[in-house]
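Colleague: Below you'll find the structure I mean.
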Amino acid sequence: MTDNEVNGNAEWLETDGLGGYAMGRADGVRTRRYHSLLTAARTPPTGRCTLVSGVDAWVETANGTYAISSQRFTPDVTNPDGAGRLVEFSNAPWPTWHYRLPDGTEVVQELTMLRGTPLVVMSWRLLEHCEAQLVVRPYFAARDSHDLTHENPDFAFDAVHVRHRIDWRPYATLPAITAITNGRYEPESLWYRNFQYDDERERGLPSVEDLASPGTLHFSLAHERAVVAFASDTSATPHLLGRLATDLCEHVSQSERERRATFPSALHRAADAFIVRRAGGRSIVAGYPWFADWGRDTFIAIRGLCIAGGRLDDAGEILREWARHVSDGMLPNYFPENGQAAEYNSVDASLWFIVAVHDYLQATKRRRSAKSEMEIFGVAVTLIIEGYRRGTRFGIKADKSGLLDAGVSGVQITWMDAKVGDWVVTPRIGKPVEIQALWINALRVAARWNPKYRALANQAQSAFEQRFWNADAGCLFDVVDVDHEPGQVDASIRPNQLFAVGGLPWPVLEGARAEQLMAVVESQLWTVAGVRSLAPADPSFVGHYGGDVMHRDGAYHQGTVWPWLVGAFVEGWVRVRGGTEEAKRDARARFLEPLLSHYAMTSPDQLGEIADGSAPHNARGCPFQAWSVGEALRLTENVLRLQTPAQRRRRPRAGAGES
């Protein structure tokens, strides 16, 4: 295998629509604790439990026995050598591997996850008929997805084996594992020790695990494909698990092929991975594999994943559910569950909710939202606005000028929220720039229900224009009245100022100043991977995101690149050029397409969370991130969409979206 044939480091993702997933690398080598064939959500979309970590597989022909899998063991040993026989990997319509054995035998391996069910189907077939046997050895973890397991006497290897179905329950407190297969099962209770996860080690985390193998599955490949489907009992699937393995494989393949063919683009397919069930409703997973559904991420991502992406019913369901959770003018940063108290440590989540409501109502105005829905949103929006005006948690309160104060010592409440122990890396206490842009936009949205908020928005915008311009740098201050000290400013060049020009329905900075700001951001913050969180010339700039928790969180917003910011950047870039068709074409070719290509090298058809601030801007962090995909989709379907001739003949309306 050469780099020109397969990028073995590229990661793939399959999701079940419940918060569970299968995930791995193109070369099949597991380098994260999260790489698995079946991780199921016990309380969808949370409570993820990794059940089946992986398999070893080898093919026996007349000329010898050849592995088509590889594992990493301590100390830095890769065995067996199956990854070297991989000649092609494809992620469409699902992960597919093409292996070529030394004797010329070619084997295709496929993996498909069924939407709405914790079920993954693996199959193997020969490209040309020959006599060949396949042996598959599964490895079970049976643990919380964030943990690691080690050899212990409590693991129950015993199986209930009836014809094509095998059931295991490794631990009484965790979900059972079911396999449906057309192979012959041979029990063999073994522990395999010291699997090594290189990515975890690089992150300064525990990185060695033992896995249990209950036996092996044996297949003849001469006349039919080999199939094994792994399922969890976290969701009832008796109508599926009663099928024969080949029938189940054909059913899943056909239904998933038809479903996936309905998506108009790869970005739409990527968006689908994050939209999941929750308690009979819908929610958005912030990222795989380690994020659940969070407020800020949901309201930013929903604008692209659901609203621009054409999933308006899902968007309405999600927003109506969140609207019920306003407390003292704020929305929680995550849904309370299992008796846990909600966290409200976010000044911007509630404001992003209002922006998302605006986008949703704009998208649904032709079908006229139900009166009850308008009332639900009107109540939630008004409660948030009034809560922020009079004052609420964490020092959030509008001052006499109409601008919004926010922040208290020791708490991180903007999206730049890294904290290690008592160290808040970027406290941004005072009047953060993007919070003002969000606040002014929220007031304009709220004017839909009460016209008095329009005057308040105009007052705040006037104060913004007077207070935030940094004439020396030709851009905006990141924070004014730092630590609530009048006149103290933070002149760090950060991307937060972008939201004054792009990324929100109404720009709060226009004309020559907006052009200057965009020029500064493009020259100092833009990279092929997205927008840096801090300019490289700043003494606090960190160009590489890596190391242990302290080093990673210390770099998280100190130069690390964030692809989700491409939405605000590109929209601002197009706006200062008049929103012309030419500007849209140029922005797509100059910014969006190179960014998508950059991440395609590591997460095919997806977008990750972050990248290094210094070249070559290697992808880091969570490999599959909802708001990154959402903003790319919003650009594609909204900001950069070219007008039809009929649309170009219409007279543009002033104050886009204002009512």
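Each chain in the structure tokens gets a letter, A, B and so on, in the order shown; residues start at 1 in every chain, and ligands are counted from 1 in the order they appear.
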As number ranges by chain, please: the residues near Asn638 (chain A) (cut-off 12 Å, only C-alpha atoms, same-chain neighbours under 3 positions excluded).
Modeller: A: 303-305, 307-310, 359, 363, 503, 505, 567, 570-571, 579, 584, 630-635, 641-643
Colleague: Just want the 12 Å neighbourhood of Asp147 (chain A), counted on only C-alpha atoms, with same-chain residues fewer than 4 positions away dropped. Output as a list of chain:residue names.
Modeller: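 With the cut-off at 12 Å, the set is A:Arg32, A:Arg33, A:Tyr34, A:Gly47, A:Arg48, A:Cys49, A:Thr50, A:Leu51, A:Ala141, A:Ala142, A:Arg143, A:Glu200, A:Leu205, A:Pro206, A:Ser207, A:Val208, A:Glu209, A:Asp210, A:Trp290.
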Colleague: With only C-alpha atoms as the basis for distance, which of A:Tyr66, A:Phe291, A:Tyr139, A:Phe155 is at the shortest distance from Pro170 (chain A)?
Modeller: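 The shortest atom-to-atom distance to Pro170 (chain A) comes from A:Phe155.
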Colleague: With distances taken over only C-alpha atoms, which of A:Thr580, A:Ser283, A:Gln606, A:Thr262 is nearest to Leu18 (chain A)?
Modeller: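 Ranked by minimum distance to Leu18 (chain A), first place goes to A:Ser283.
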Colleague: Using only C-alpha atoms, can you tell me which of A:Gly547, A:Gly554, A:Gly402, A:Pro623 comes closest to Arg454 (chain A)?
Modeller: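 Counting only C-alpha atoms, the residue closest to Arg454 (chain A) is A:Gly402.
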Colleague: If we count only C-alpha atoms, what is near Gly502 (chain A) at a cut-off of 7 Å, once residues fewer than 6 positions away on the same chain are taken out, given as a list in words?
Modeller: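 Returned residues: Ala568, Phe569, Glu571 and Gly572 of chain A.
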Colleague: Could you check how far CA of Thr112 (chain A) sits from CA of Glu14 (chain A), in Å to one decimal?
Modeller: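 Computing the Euclidean distance for CA of Thr112 (chain A) and CA of Glu14 (chain A) yields 7.2 Å.
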Colleague: Give the strand (DSSP E) residues of region 201-421 of chain A, as assigned by DSSP on the backbone, as a ChimeraX atom specification.
Modeller: /A:208-220,226-232,275-278,281-284,287-288,397-398,404-405,419-420
Colleague: Determine the nearest neighbour of Gly281 (chain A) from the options A:Ala315, A:Ala600, A:Ala463, A:Val228, counting only C-alpha atoms.
Modeller: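 Selected residue with least distance to Gly281 (chain A): A:Ala315.
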Colleague: Do you know which residues are at most 7 Å from Leu525 (chain A) counting only C-alpha atoms, after dropping those on the same chain fewer than 4 positions away, and could you put them as a list in words?
Modeller: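 The filter keeps Val521, Val531, Arg532, Leu534 and Ala535 of chain A.
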Colleague: Put those residues in a file: N, CA, C and O atoms, as an mmCIF file, in the first residue's frame.
Modeller:
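again.cif was written with the following content:
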```cif
data_model
loop_
_atom_site.group_PDB
_atom_site.id
_atom_site.type_symbol
_atom_site.label_atom_id
_atom_site.label_comp_id
_atom_site.auth_asym_id
_atom_site.auth_seq_id
_atom_site.Cartn_x
_atom_site.Cartn_y
_atom_site.Cartn_z
ATOM 1 N N VAL A 521 -8.779 40.182 8.999
ATOM 2 C CA VAL A 521 -9.052 38.787 9.343
ATOM 3 C C VAL A 521 -8.514 37.858 8.266
ATOM 4 O O VAL A 521 -7.902 36.819 8.566
ATOM 5 N N VAL A 531 -10.578 29.364 10.228
ATOM 6 C CA VAL A 531 -10.155 30.639 10.806
ATOM 7 C C VAL A 531 -9.425 30.399 12.123
ATOM 8 O O VAL A 531 -9.918 29.685 13.000
ATOM 9 N N ARG A 532 -8.245 31.005 12.249
ATOM 10 C CA ARG A 532 -7.497 30.908 13.504
ATOM 11 C C ARG A 532 -8.251 31.617 14.628
ATOM 12 O O ARG A 532 -8.953 32.603 14.406
ATOM 13 N N LEU A 534 -6.637 33.100 17.075
ATOM 14 C CA LEU A 534 -5.768 34.189 17.520
ATOM 15 C C LEU A 534 -4.713 34.423 16.446
ATOM 16 O O LEU A 534 -4.241 33.471 15.813
ATOM 17 N N ALA A 535 -4.363 35.670 16.248
ATOM 18 C CA ALA A 535 -3.371 36.007 15.219
ATOM 19 C C ALA A 535 -1.994 35.461 15.595
ATOM 20 O O ALA A 535 -1.601 35.498 16.763
#
```
Colleague: Write out as a PyMOL selection string each polymer residue whose atoms come within 9 Å of Pro507 (chain A), counting only C-alpha atoms; drop sequence neighbours fewer than 6 positions from it.
Modeller: chain A and resi 437+441+499-501+572+575
